[in-house]
Each structure stands twice: as C-alpha cells, then as structure tokens.
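Engineer: I am sharing my_file38.cif, which consists of mmCIF, C-alpha atoms, pLDDT in the B column; chains and numbers go by the auth columns:
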```cif
data_my_file
#
loop_
_atom_site.group_PDB
_atom_site.id
_atom_site.type_symbol
_atom_site.label_atom_id
_atom_site.label_comp_id
_atom_site.label_asym_id
_atom_site.label_seq_id
_atom_site.Cartn_x
_atom_site.Cartn_y
_atom_site.Cartn_z
_atom_site.B_iso_or_equiv
_atom_site.auth_seq_id
_atom_site.auth_asym_id
ATOM 1 C CA MET A 1 -3.063 -44.812 33.032 60.00 1 J
ATOM 2 C CA THR A 2 -1.208 -45.245 29.738 70.00 2 J
ATOM 3 C CA VAL A 3 0.258 -42.429 27.646 66.00 3 J
ATOM 4 C CA GLY A 4 -2.470 -43.033 25.028 66.00 4 J
ATOM 5 C CA ASN A 5 -5.239 -42.664 27.625 75.00 5 J
ATOM 6 C CA LEU A 6 -3.603 -39.513 28.965 76.00 6 J
ATOM 7 C CA ALA A 7 -3.419 -38.038 25.460 74.00 7 J
ATOM 8 C CA GLY A 8 -7.085 -38.924 24.906 78.00 8 J
ATOM 9 C CA PHE A 9 -8.046 -37.313 28.210 81.00 9 J
ATOM 10 C CA GLY A 10 -6.068 -34.211 27.290 83.00 10 J
ATOM 11 C CA PHE A 11 -7.746 -34.119 23.878 78.00 11 J
ATOM 12 C CA VAL A 12 -11.259 -34.324 25.389 87.00 12 J
ATOM 13 C CA PHE A 13 -10.361 -31.672 27.976 87.00 13 J
ATOM 14 C CA GLY A 14 -9.043 -29.454 25.175 84.00 14 J
ATOM 15 C CA LEU A 15 -12.261 -29.889 23.191 85.00 15 J
ATOM 16 C CA MET A 16 -14.380 -29.035 26.249 91.00 16 J
ATOM 17 C CA PHE A 17 -12.262 -25.948 26.927 88.00 17 J
ATOM 18 C CA ALA A 18 -12.585 -24.925 23.261 84.00 18 J
ATOM 19 C CA ALA A 19 -16.378 -25.374 23.423 89.00 19 J
ATOM 20 C CA VAL A 20 -16.646 -23.110 26.502 92.00 20 J
ATOM 21 C CA LEU A 21 -14.312 -20.587 24.862 87.00 21 J
ATOM 22 C CA CYS A 22 -16.439 -20.615 21.676 86.00 22 J
ATOM 23 C CA VAL A 23 -19.619 -19.871 23.664 88.00 23 J
ATOM 24 C CA ILE A 24 -17.928 -16.907 25.394 89.00 24 J
ATOM 25 C CA LEU A 25 -16.412 -15.584 22.153 86.00 25 J
ATOM 26 C CA PHE A 26 -19.662 -15.913 20.173 85.00 26 J
ATOM 27 C CA LYS A 27 -21.561 -14.060 22.909 87.00 27 J
ATOM 28 C CA PHE A 28 -18.944 -11.311 22.643 85.00 28 J
ATOM 29 C CA ALA A 29 -19.013 -11.278 18.845 86.00 29 J
ATOM 30 C CA ASN A 30 -22.770 -11.076 18.365 88.00 30 J
ATOM 31 C CA SER A 31 -24.250 -7.612 18.720 87.00 31 J
ATOM 32 C CA ASN A 32 -27.250 -8.823 20.766 85.00 32 J
ATOM 33 C CA ARG A 33 -25.062 -11.006 23.059 84.00 33 J
ATOM 34 C CA LYS A 34 -26.687 -14.222 21.802 87.00 34 J
ATOM 35 C CA VAL A 35 -24.530 -17.304 21.283 87.00 35 J
ATOM 36 C CA MET A 36 -26.297 -18.275 18.076 89.00 36 J
ATOM 37 C CA SER A 37 -26.352 -16.143 14.938 90.00 37 J
ATOM 38 C CA ASP A 38 -29.652 -14.816 13.594 92.00 38 J
ATOM 39 C CA TYR A 39 -30.420 -15.247 9.896 94.00 39 J
ATOM 40 C CA ASP A 40 -33.312 -14.004 7.809 95.00 40 J
ATOM 41 C CA GLU A 41 -35.612 -16.337 5.870 96.00 41 J
ATOM 42 C CA ARG A 42 -33.567 -16.270 2.630 96.00 42 J
ATOM 43 C CA GLN A 43 -30.341 -16.953 4.500 96.00 43 J
ATOM 44 C CA GLU A 44 -32.001 -19.797 6.432 96.00 44 J
ATOM 45 C CA ALA A 45 -33.203 -21.356 3.162 96.00 45 J
ATOM 46 C CA ILE A 46 -29.718 -21.133 1.635 96.00 46 J
ATOM 47 C CA ARG A 47 -28.045 -22.456 4.775 97.00 47 J
ATOM 48 C CA ASN A 48 -30.460 -25.396 4.819 97.00 48 J
ATOM 49 C CA ARG A 49 -29.423 -26.231 1.251 97.00 49 J
ATOM 50 C CA GLY A 50 -25.776 -25.783 2.260 97.00 50 J
ATOM 51 C CA TYR A 51 -26.191 -28.244 5.136 98.00 51 J
ATOM 52 C CA LYS A 52 -27.807 -30.725 2.698 98.00 52 J
ATOM 53 C CA TYR A 53 -24.870 -30.524 0.267 98.00 53 J
ATOM 54 C CA SER A 54 -22.447 -30.753 3.178 98.00 54 J
ATOM 55 C CA PHE A 55 -24.250 -33.871 4.428 98.00 55 J
ATOM 56 C CA TYR A 56 -24.101 -35.511 0.976 98.00 56 J
ATOM 57 C CA THR A 57 -20.377 -34.696 0.735 98.00 57 J
ATOM 58 C CA VAL A 58 -19.567 -36.221 4.125 97.00 58 J
ATOM 59 C CA MET A 59 -21.708 -39.297 3.358 97.00 59 J
ATOM 60 C CA ALA A 60 -19.948 -39.822 0.003 98.00 60 J
ATOM 61 C CA LEU A 61 -16.472 -39.430 1.518 97.00 61 J
ATOM 62 C CA GLU A 62 -17.296 -41.750 4.431 96.00 62 J
ATOM 63 C CA ALA A 63 -18.607 -44.314 1.917 96.00 63 J
ATOM 64 C CA VAL A 64 -15.266 -44.077 0.104 95.00 64 J
ATOM 65 C CA MET A 65 -13.528 -44.600 3.464 94.00 65 J
ATOM 66 C CA ILE A 66 -15.593 -47.749 4.089 94.00 66 J
ATOM 67 C CA VAL A 67 -14.700 -49.096 0.639 95.00 67 J
ATOM 68 C CA LEU A 68 -11.014 -48.377 1.247 93.00 68 J
ATOM 69 C CA SER A 69 -11.202 -49.976 4.665 91.00 69 J
ATOM 70 C CA VAL A 70 -12.922 -53.127 3.347 93.00 70 J
ATOM 71 C CA SER A 71 -10.388 -53.296 0.524 92.00 71 J
ATOM 72 C CA GLU A 72 -7.670 -53.063 3.177 89.00 72 J
ATOM 73 C CA VAL A 73 -6.072 -50.105 1.435 89.00 73 J
ATOM 74 C CA THR A 74 -3.666 -48.364 3.772 86.00 74 J
ATOM 75 C CA LEU A 75 -3.447 -44.608 3.467 85.00 75 J
ATOM 76 C CA PRO A 76 -0.180 -42.705 4.023 84.00 76 J
ATOM 77 C CA ILE A 77 -1.949 -40.585 6.623 86.00 77 J
ATOM 78 C CA ALA A 78 -3.330 -41.432 10.082 87.00 78 J
ATOM 79 C CA THR A 79 -7.018 -42.430 10.197 89.00 79 J
ATOM 80 C CA TYR A 80 -7.990 -39.637 12.616 89.00 80 J
ATOM 81 C CA LEU A 81 -6.541 -37.102 10.196 91.00 81 J
ATOM 82 C CA VAL A 82 -8.566 -38.563 7.325 93.00 82 J
ATOM 83 C CA HIS A 83 -11.765 -38.249 9.375 93.00 83 J
ATOM 84 C CA LEU A 84 -10.837 -34.699 10.385 93.00 84 J
ATOM 85 C CA GLY A 85 -10.246 -33.971 6.701 95.00 85 J
ATOM 86 C CA ILE A 86 -13.712 -35.298 5.839 96.00 86 J
ATOM 87 C CA ILE A 87 -15.311 -33.109 8.544 97.00 87 J
ATOM 88 C CA LEU A 88 -13.386 -30.066 7.308 97.00 88 J
ATOM 89 C CA ILE A 89 -14.396 -30.737 3.678 97.00 89 J
ATOM 90 C CA GLY A 90 -18.027 -31.001 4.800 97.00 90 J
ATOM 91 C CA CYS A 91 -17.739 -27.669 6.622 97.00 91 J
ATOM 92 C CA LEU A 92 -15.977 -26.201 3.597 97.00 92 J
ATOM 93 C CA VAL A 93 -18.917 -27.082 1.328 97.00 93 J
ATOM 94 C CA LEU A 94 -21.304 -25.362 3.754 97.00 94 J
ATOM 95 C CA CYS A 95 -19.121 -22.273 4.236 96.00 95 J
ATOM 96 C CA ILE A 96 -18.349 -21.709 0.552 97.00 96 J
ATOM 97 C CA TYR A 97 -21.993 -22.251 -0.459 97.00 97 J
ATOM 98 C CA CYS A 98 -23.093 -19.727 2.189 96.00 98 J
ATOM 99 C CA ILE A 99 -20.375 -17.206 1.267 95.00 99 J
ATOM 100 C CA TRP A 100 -21.307 -17.482 -2.404 94.00 100 J
ATOM 101 C CA ASN A 101 -24.990 -16.879 -1.676 93.00 101 J
ATOM 102 C CA ASP A 102 -24.564 -14.085 0.906 92.00 102 J
ATOM 103 C CA ALA A 103 -25.783 -16.240 3.769 94.00 103 J
ATOM 104 C CA TYR A 104 -22.532 -16.547 5.736 93.00 104 J
ATOM 105 C CA TRP A 105 -22.841 -13.544 8.036 92.00 105 J
ATOM 106 C CA GLY A 106 -25.800 -13.445 10.382 92.00 106 J
ATOM 107 C CA LEU A 107 -27.852 -10.355 11.077 92.00 107 J
ATOM 108 C CA ASN A 108 -26.426 -10.021 14.591 91.00 108 J
ATOM 109 C CA ASN A 109 -22.776 -10.734 13.703 90.00 109 J
ATOM 110 C CA ASN A 110 -20.247 -8.009 14.395 90.00 110 J
ATOM 111 C CA ARG A 111 -17.793 -8.632 11.541 87.00 111 J
ATOM 112 C CA LYS A 112 -14.879 -6.819 13.185 89.00 112 J
ATOM 113 C CA ARG A 113 -15.205 -8.939 16.331 90.00 113 J
ATOM 114 C CA TYR A 114 -15.536 -12.115 14.251 89.00 114 J
ATOM 115 C CA THR A 115 -12.409 -11.137 12.335 88.00 115 J
ATOM 116 C CA ALA A 116 -10.598 -10.741 15.675 89.00 116 J
ATOM 117 C CA ILE A 117 -11.756 -14.254 16.692 88.00 117 J
ATOM 118 C CA ILE A 118 -10.548 -15.678 13.360 88.00 118 J
ATOM 119 C CA VAL A 119 -7.135 -14.034 13.877 89.00 119 J
ATOM 120 C CA ILE A 120 -6.967 -15.542 17.412 88.00 120 J
ATOM 121 C CA ALA A 121 -7.902 -18.969 15.965 88.00 121 J
ATOM 122 C CA ILE A 122 -5.161 -18.670 13.320 90.00 122 J
ATOM 123 C CA VAL A 123 -2.560 -17.743 15.965 91.00 123 J
ATOM 124 C CA LEU A 124 -3.688 -20.593 18.258 87.00 124 J
ATOM 125 C CA ASN A 125 -3.271 -23.010 15.335 89.00 125 J
ATOM 126 C CA ILE A 126 0.070 -21.626 14.203 91.00 126 J
ATOM 127 C CA ILE A 127 1.713 -21.915 17.665 90.00 127 J
ATOM 128 C CA PRO A 128 1.619 -25.770 17.774 87.00 128 J
ATOM 129 C CA ILE A 129 2.827 -25.910 14.150 87.00 129 J
ATOM 130 C CA ILE A 130 5.863 -23.725 14.898 89.00 130 J
ATOM 131 C CA THR A 131 6.549 -25.726 18.073 87.00 131 J
ATOM 132 C CA ALA A 132 6.334 -29.005 16.114 84.00 132 J
ATOM 133 C CA ILE A 133 8.634 -27.689 13.388 84.00 133 J
ATOM 134 C CA THR A 134 11.245 -26.466 15.895 86.00 134 J
ATOM 135 C CA THR A 135 11.160 -29.738 17.868 83.00 135 J
ATOM 136 C CA GLY A 136 11.240 -31.778 14.646 78.00 136 J
ATOM 137 C CA GLU A 137 7.980 -33.568 15.504 73.00 137 J
ATOM 138 C CA ILE A 138 6.422 -33.094 12.057 71.00 138 J
ATOM 139 C CA SER A 139 9.450 -34.156 10.068 67.00 139 J
ATOM 140 C CA GLY A 140 9.982 -37.121 12.418 65.00 140 J
ATOM 141 C CA GLU A 141 6.434 -38.516 12.527 63.00 141 J
ATOM 142 C CA GLY A 142 5.214 -37.260 9.142 66.00 142 J
ATOM 143 C CA PHE A 143 1.448 -37.487 8.660 67.00 143 J
ATOM 144 C CA ASP A 144 0.885 -39.121 12.028 72.00 144 J
ATOM 145 C CA SER A 145 1.402 -36.219 14.381 75.00 145 J
ATOM 146 C CA LEU A 146 -1.155 -33.998 16.105 78.00 146 J
ATOM 147 C CA PRO A 147 0.167 -30.677 14.685 85.00 147 J
ATOM 148 C CA VAL A 148 -0.878 -31.909 11.220 88.00 148 J
ATOM 149 C CA MET A 149 -4.426 -31.257 12.476 89.00 149 J
ATOM 150 C CA ASN A 150 -3.486 -27.606 13.007 90.00 150 J
ATOM 151 C CA ILE A 151 -2.007 -27.430 9.500 91.00 151 J
ATOM 152 C CA MET A 152 -5.224 -28.859 8.066 93.00 152 J
ATOM 153 C CA VAL A 153 -7.305 -26.290 9.971 93.00 153 J
ATOM 154 C CA ILE A 154 -5.056 -23.450 8.757 93.00 154 J
ATOM 155 C CA VAL A 155 -5.378 -24.652 5.136 94.00 155 J
ATOM 156 C CA TRP A 156 -9.145 -24.948 5.647 95.00 156 J
ATOM 157 C CA MET A 157 -9.353 -21.372 6.953 94.00 157 J
ATOM 158 C CA ALA A 158 -7.172 -20.139 4.094 93.00 158 J
ATOM 159 C CA ILE A 159 -9.525 -21.733 1.519 95.00 159 J
ATOM 160 C CA ILE A 160 -12.529 -20.052 3.168 94.00 160 J
ATOM 161 C CA GLY A 161 -10.618 -16.757 3.185 92.00 161 J
ATOM 162 C CA VAL A 162 -9.804 -17.096 -0.520 94.00 162 J
ATOM 163 C CA ALA A 163 -13.466 -17.940 -1.268 94.00 163 J
ATOM 164 C CA ALA A 164 -14.577 -14.810 0.599 91.00 164 J
ATOM 165 C CA ILE A 165 -12.082 -12.651 -1.326 92.00 165 J
ATOM 166 C CA VAL A 166 -13.082 -14.153 -4.692 92.00 166 J
ATOM 167 C CA LYS A 167 -16.752 -13.590 -3.861 91.00 167 J
ATOM 168 C CA LYS A 168 -16.022 -9.969 -3.033 89.00 168 J
ATOM 169 C CA LEU A 169 -14.115 -9.528 -6.309 90.00 169 J
ATOM 170 C CA VAL A 170 -16.704 -11.096 -8.599 86.00 170 J
ATOM 171 C CA LYS A 171 -19.727 -9.652 -6.845 78.00 171 J
ATOM 172 C CA ASN A 172 -21.903 -8.528 -9.700 58.00 172 J
ATOM 173 C CA GLU A 173 -24.689 -7.338 -7.488 51.00 173 J
ATOM 174 C CA SER A 174 -26.552 -4.377 -8.915 45.00 174 J
ATOM 175 C CA GLU A 175 -25.621 -1.170 -7.195 48.00 175 J
ATOM 176 C CA GLU A 176 -28.264 0.686 -5.322 45.00 176 J
ATOM 177 C CA ALA A 177 -30.198 3.283 -7.242 41.00 177 J
ATOM 178 C CA MET B 1 -38.621 -11.453 -13.024 78.00 1 S
ATOM 179 C CA LYS B 2 -37.319 -8.186 -11.567 85.00 2 S
ATOM 180 C CA ASN B 3 -39.527 -6.465 -9.024 84.00 3 S
ATOM 181 C CA LEU B 4 -39.260 -2.911 -10.311 87.00 4 S
ATOM 182 C CA LYS B 5 -42.348 -1.866 -8.340 92.00 5 S
ATOM 183 C CA LEU B 6 -40.567 -2.606 -5.086 94.00 6 S
ATOM 184 C CA LYS B 7 -37.465 -0.755 -6.224 93.00 7 S
ATOM 185 C CA ALA B 8 -39.543 2.253 -7.282 93.00 8 S
ATOM 186 C CA ALA B 9 -41.519 2.278 -4.010 94.00 9 S
ATOM 187 C CA ARG B 10 -38.288 2.110 -2.002 95.00 10 S
ATOM 188 C CA ALA B 11 -36.762 4.925 -4.014 94.00 11 S
ATOM 189 C CA GLY B 12 -40.019 6.878 -3.613 93.00 12 S
ATOM 190 C CA LYS B 13 -39.649 6.672 0.153 92.00 13 S
ATOM 191 C CA ASP B 14 -35.975 7.681 -0.215 93.00 14 S
ATOM 192 C CA LEU B 15 -34.815 4.515 1.492 94.00 15 S
ATOM 193 C CA SER B 16 -31.624 2.603 0.741 95.00 16 S
ATOM 194 C CA GLN B 17 -31.643 -1.189 0.545 95.00 17 S
ATOM 195 C CA ASP B 18 -29.836 -1.191 3.887 94.00 18 S
ATOM 196 C CA GLN B 19 -32.471 0.974 5.542 95.00 19 S
ATOM 197 C CA LEU B 20 -35.372 -1.073 4.177 96.00 20 S
ATOM 198 C CA ALA B 21 -33.616 -4.275 5.219 96.00 21 S
ATOM 199 C CA ALA B 22 -33.080 -2.988 8.763 94.00 22 S
ATOM 200 C CA ALA B 23 -36.713 -1.916 9.017 95.00 23 S
ATOM 201 C CA CYS B 24 -37.891 -5.369 7.891 95.00 24 S
ATOM 202 C CA GLY B 25 -35.345 -7.321 9.960 94.00 25 S
ATOM 203 C CA VAL B 26 -33.557 -8.919 7.005 95.00 26 S
ATOM 204 C CA SER B 27 -30.179 -8.547 5.323 94.00 27 S
ATOM 205 C CA ARG B 28 -29.512 -6.040 2.541 94.00 28 S
ATOM 206 C CA GLN B 29 -28.716 -8.919 0.185 93.00 29 S
ATOM 207 C CA THR B 30 -32.217 -10.315 0.735 95.00 30 S
ATOM 208 C CA ILE B 31 -33.841 -7.033 -0.353 95.00 31 S
ATOM 209 C CA SER B 32 -31.459 -6.952 -3.318 93.00 32 S
ATOM 210 C CA SER B 33 -32.411 -10.540 -4.243 93.00 33 S
ATOM 211 C CA ILE B 34 -36.144 -9.717 -4.088 94.00 34 S
ATOM 212 C CA GLU B 35 -35.672 -6.651 -6.305 94.00 35 S
ATOM 213 C CA LYS B 36 -33.647 -8.680 -8.799 92.00 36 S
ATOM 214 C CA GLY B 37 -36.275 -11.439 -8.772 91.00 37 S
ATOM 215 C CA ASP B 38 -33.818 -14.034 -7.480 91.00 38 S
ATOM 216 C CA TYR B 39 -35.771 -14.727 -4.310 93.00 39 S
ATOM 217 C CA ASN B 40 -39.495 -15.133 -3.653 93.00 40 S
ATOM 218 C CA PRO B 41 -40.185 -13.801 -0.145 95.00 41 S
ATOM 219 C CA THR B 42 -42.656 -15.393 2.254 96.00 42 S
ATOM 220 C CA ILE B 43 -45.950 -13.663 2.885 95.00 43 S
ATOM 221 C CA ASN B 44 -44.660 -12.454 6.282 95.00 44 S
ATOM 222 C CA LEU B 45 -41.743 -10.636 4.682 96.00 45 S
ATOM 223 C CA CYS B 46 -43.976 -9.270 1.905 95.00 46 S
ATOM 224 C CA ILE B 47 -46.280 -7.797 4.570 96.00 47 S
ATOM 225 C CA ALA B 48 -43.317 -6.329 6.500 96.00 48 S
ATOM 226 C CA ILE B 49 -42.023 -4.684 3.310 96.00 49 S
ATOM 227 C CA CYS B 50 -45.493 -3.363 2.407 96.00 50 S
ATOM 228 C CA LYS B 51 -46.005 -1.891 5.889 95.00 51 S
ATOM 229 C CA THR B 52 -42.601 -0.218 5.800 95.00 52 S
ATOM 230 C CA LEU B 53 -43.213 1.280 2.358 95.00 53 S
ATOM 231 C CA GLY B 54 -46.882 2.121 3.009 94.00 54 S
ATOM 232 C CA LYS B 55 -48.073 0.010 0.078 94.00 55 S
ATOM 233 C CA THR B 56 -50.454 -2.923 -0.338 94.00 56 S
ATOM 234 C CA LEU B 57 -49.434 -6.447 -1.344 94.00 57 S
ATOM 235 C CA ASP B 58 -51.171 -5.951 -4.693 93.00 58 S
ATOM 236 C CA GLU B 59 -49.254 -2.767 -5.394 92.00 59 S
ATOM 237 C CA LEU B 60 -45.849 -4.359 -4.787 93.00 60 S
ATOM 238 C CA PHE B 61 -46.166 -8.055 -5.470 92.00 61 S
ATOM 239 C CA TRP B 62 -49.097 -8.661 -7.825 89.00 62 S
ATOM 240 C CA GLU B 63 -47.913 -9.389 -11.345 81.00 63 S
ATOM 241 C CA GLU B 64 -49.948 -7.647 -14.038 74.00 64 S
ATOM 242 C CA ASP B 65 -50.670 -9.670 -17.204 64.00 65 S
#
```
In structure tokens, how does this file's structure come out?

Structural biologist:
Amino acid sequence: MTVGNLAGFGFVFGLMFAAVLCVILFKFANSNRKVMSDYDERQEAIRNRGYKYSFYTVMALEAVMIVLSVSEVTLPIATYLVHLGIILIGCLVLCIYCIWNDAYWGLNNNRKRYTAIIVIAIVLNIIPIITAITTGEISGEGFDSLPVMNIMVIVWMAIIGVAAIVKKLVKNESEEA
Amino acid sequence: MKNLKLKAARAGKDLSQDQLAAACGVSRQTISSIEKGDYNPTINLCIAICKTLGKTLDELFWEED
C-alpha cells in the first residue's frame, strides 16, 4: 500500500467517522431527537429556492472548471481544494439565502446546542491549522496541503457567521403589536 | 397586501406571534410574513390559523373589494 492510498483510506475513514458524529450530534441538538430538522411550509419553499440557486452556482463554477481544464490553465491551488471551494460556495449560497429569509433554523432546532456544535467544529478545524503552522507544513507546501481545507472551512463558517450578524442588525421586521 | 384581519384576530385572542406560530406548528417568522402580506399560506395553514383563532376562512383570508 502506497502513502497516497493510505492517505486516501484515512480520508475516507475520517469522512465516515464525521458522518456518524454528525448523526449523533444532530440527534442531540434537535429538541425532538430527530436527525433531520423540521421546517414549516414557508421555510421549505425558501429552502427549495435556496437549493436551486446553490445548484446553479455549483453548475456554473464547475463549467468554468471544465473550460479552464480544457484550456490547460493551471491554477496555483490544488485541484481538490478548488472542488472543495466550489462545494463550499454552493453551500454558502444556500445558507446565506436561508439566513436572509428566516429559513435557516428549523422548528425543532435547539439553537444553544447548535451553537455548541459550531464551536466544536471551529475548534476541530483550528487544531490542524495550528499544527500545520507549527510544523511549517503550510508555509512549505503552500496551497497544496490538507490543512488549507480547514482554513477554507473556517473562512466559510466566518462568512456565514457574518451573514447571520448582518441579518440580525438589519432586521426590519415589524415588531409585535 | 397586509393581512390586518389576521393581526386583529390574533390581538383579539391576546396571542403573540410566537404563541400563534406554536399552536399552528410553524415559525414566528412565517406568521409575521403572512401578516405583512409577504407570504401566501397554503389552505392547510389557513385552516390551522382559523381553528386556532376561532374564525372562518372568509373572515381572515377573503379580500373584500
């Protein structure tokens, strides 16, 4: 088994572990102990539109990637990071659209528990970044090292956080009578 | 168009948007959107709201000319 195969195996194992962890955490975070969030009809309609825009975004970016690939343009960043970036941008479109239209939080979501999960996710992403910085992995390999994925996820979470704060600040919803 | 009849009926029952939303199984923002006229609810939700507020569909959702 080569080092590349071993890394791939480790990556798949990590993803499987993360999937199991997500199921457990979501069950803990939802007030009715369901893995999936419940949304009302308006939220479902908005989320459907969000998924549509997200789909269009990913399709457009992947089309750009095909054009770049056919044109033999080499990017200064590893291909797997570009694809991760495209996935994250797609998710970003969905999240921001839902946040902006009050369809992000489900009816059964316990926000405090979700916040705790987000904090855990941030810490789990920061640890490999700090390790990579101290070992000099990032500065040595540049945009071709695995911890760059963690940096991208942290930036992605920060953008969602900023969107949520901005939404809260500009909320011009009429106050209850 | 704002649904002032819904807002008035809710206030008449002394219910907050949160309370009405919980009774109908929707989010507070959804009730707010219906009152502001930003969202047209399905007939199922209209019926749930009417039952909670003790009103008919005509009384809450029929637009007078």

Engineer: Please provide as a list of chain:residue names all residues within 12 Å of Ala23 of chain S, with the sequence filter that same-chain residues fewer than 5 positions apart are discarded (counting all atoms listed in the file).

Structural biologist: S:Arg10, S:Leu15, S:Ser16, S:Gln17, S:Asp18, S:Arg28, S:Ile31, S:Leu45, S:Ala48, S:Ile49, S:Cys50, S:Lys51, S:Thr52, S:Leu53

Engineer: Near Thr30 of chain S, within 8 Å and counting all atoms listed in the file, which residues show up once chain neighbours fewer than 3 positions away are dropped, as a PDB file with C-alpha atoms, in the coordinates of the input?

Structural biologist:
```
ATOM      1  CA  ARG J  42     -33.567 -16.270   2.630  1.00 96.00           C
ATOM      2  CA  GLN J  43     -30.341 -16.953   4.500  1.00 96.00           C
TER       3      GLN J  43
ATOM      4  CA  ALA S  21     -33.616  -4.275   5.219  1.00 96.00           C
ATOM      5  CA  VAL S  26     -33.557  -8.919   7.005  1.00 95.00           C
ATOM      6  CA  SER S  27     -30.179  -8.547   5.323  1.00 94.00           C
ATOM      7  CA  SER S  33     -32.411 -10.540  -4.243  1.00 93.00           C
ATOM      8  CA  ILE S  34     -36.144  -9.717  -4.088  1.00 94.00           C
ATOM      9  CA  TYR S  39     -35.771 -14.727  -4.310  1.00 93.00           C
TER      10      TYR S  39
END
```

Engineer: Rank S:Asn3, S:Thr56, S:Gln29, S:Asn44 by their smallest atom-to-atom distance to chain J, using all atoms listed in the file, and report the top residue only.

Structural biologist: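 Result for the nearest residue to chain J: S:Gln29.
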
Engineer: From the list S:Ile47, S:Leu20, S:Leu57, S:Glu64, which residue is nearest Ser32 of chain S when using all atoms listed in the file?

Structural biologist: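 Smallest separation from Ser32 of chain S among the options: S:Leu20.
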
Engineer: List the residues matched by the PyMOL selection byres ((chain J) within 7 of (chain S)) in the displayed structure as a PyMOL selection string, ordered by chain and then by residue number.

Structural biologist: chain J and resi 40+42+102+107

Engineer: If you measure from atom CA of Val20 of chain J to atom CA of Val119 of chain J, what distance in Å do you get, rounded to one decimal?

Structural biologist: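 Result for atom CA of Val20 of chain J versus atom CA of Val119 of chain J: 18.2 Å, one decimal.
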
Engineer: Could you please determine the separation between atom CA of Asp38 of chain S and atom CA of Lys2 of chain S in Å, to one decimal place?

Structural biologist: 7.9 Å

Engineer: Give me the result of the PyMOL selection byres ((chain J and resi 62) around 12) on this file, residue by residue, as JSON, numbers by chain.

Structural biologist: {"J": [55, 56, 57, 58, 59, 60, 61, 63, 64, 65, 66, 67, 68, 69, 79, 82, 83, 84, 85, 86, 87, 89, 90]}

Engineer: Could you give me the axis-aligned bounding box of segment 52-64 of chain J, with 4 Å of padding per side, as centre plus edge lengths in Å to one decimal, as AutoDock Vina command-line options?

Structural biologist:
```
--center_x -21.5 --center_y -37.4 --center_z 2.2 --size_x 20.5 --size_y 21.8 --size_z 12.4
```

Engineer: Do you have the atom CA of Arg33 of chain J-atom CA of Phe13 of chain J distance handy?

Structural biologist: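 One can read the atom CA of Arg33 of chain J to atom CA of Phe13 of chain J distance as 25.8 Å.
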
Engineer: With the file shown as input, list the residues that the PyMOL selection byres ((chain J and resi 113) around 10) selects, as a list of chain:residue names.

Structural biologist: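 What the PyMOL selection byres ((chain J and resi 113) around 10) grabs from the file is J:Leu25, J:Phe26, J:Phe28, J:Ala29, J:Asn30, J:Ser31, J:Asn109, J:Asn110, J:Arg111, J:Lys112, J:Tyr114, J:Thr115, J:Ala116, J:Ile117, J:Ile118, J:Val119.
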
Engineer: Output C-alpha atoms for every residue in that selection, as a PDB file, in the coordinates of the input.

Structural biologist:
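Output below, filename out.pdb:
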```
ATOM      1  CA  LEU J  25     -16.412 -15.584  22.153  1.00 86.00           C
ATOM      2  CA  PHE J  26     -19.662 -15.913  20.173  1.00 85.00           C
ATOM      3  CA  PHE J  28     -18.944 -11.311  22.643  1.00 85.00           C
ATOM      4  CA  ALA J  29     -19.013 -11.278  18.845  1.00 86.00           C
ATOM      5  CA  ASN J  30     -22.770 -11.076  18.365  1.00 88.00           C
ATOM      6  CA  SER J  31     -24.250  -7.612  18.720  1.00 87.00           C
ATOM      7  CA  ASN J 109     -22.776 -10.734  13.703  1.00 90.00           C
ATOM      8  CA  ASN J 110     -20.247  -8.009  14.395  1.00 90.00           C
ATOM      9  CA  ARG J 111     -17.793  -8.632  11.541  1.00 87.00           C
ATOM     10  CA  LYS J 112     -14.879  -6.819  13.185  1.00 89.00           C
ATOM     11  CA  TYR J 114     -15.536 -12.115  14.251  1.00 89.00           C
ATOM     12  CA  THR J 115     -12.409 -11.137  12.335  1.00 88.00           C
ATOM     13  CA  ALA J 116     -10.598 -10.741  15.675  1.00 89.00           C
ATOM     14  CA  ILE J 117     -11.756 -14.254  16.692  1.00 88.00           C
ATOM     15  CA  ILE J 118     -10.548 -15.678  13.360  1.00 88.00           C
ATOM     16  CA  VAL J 119      -7.135 -14.034  13.877  1.00 89.00           C
TER      17      VAL J 119
END
```

Engineer: Find, counting only C-alpha atoms, the residue in J:Ile130, J:Cys98, J:Val12, J:Met152 that gets nearest to Ala45 of chain J.

Structural biologist: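 For Ala45 of chain J, the nearest of the given residues is J:Cys98.
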
Engineer: Looking at J:Ala7, J:Ile129, J:Val35, J:Val23, which one is nearest to Pro147 of chain J, with distances taken over only C-alpha atoms?

Structural biologist: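 Using only C-alpha atoms, the shortest distance to Pro147 of chain J belongs to J:Ile129.
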
Engineer: Using all atoms listed in the file, which of the listed residues (J:Ile99, J:Asn108, J:Arg49, J:Val153) sits closest to Lys167 of chain J?

Structural biologist: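 Closest to Lys167 of chain J, using all atoms listed in the file: J:Ile99.
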
Engineer: Measuring between all atoms listed in the file, which one of J:Val162, J:Met157, J:Leu146, J:Leu124 shows the shortest distance to Phe11 of chain J?

Structural biologist: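 The answer is J:Leu146, which sits nearest to Phe11 of chain J.
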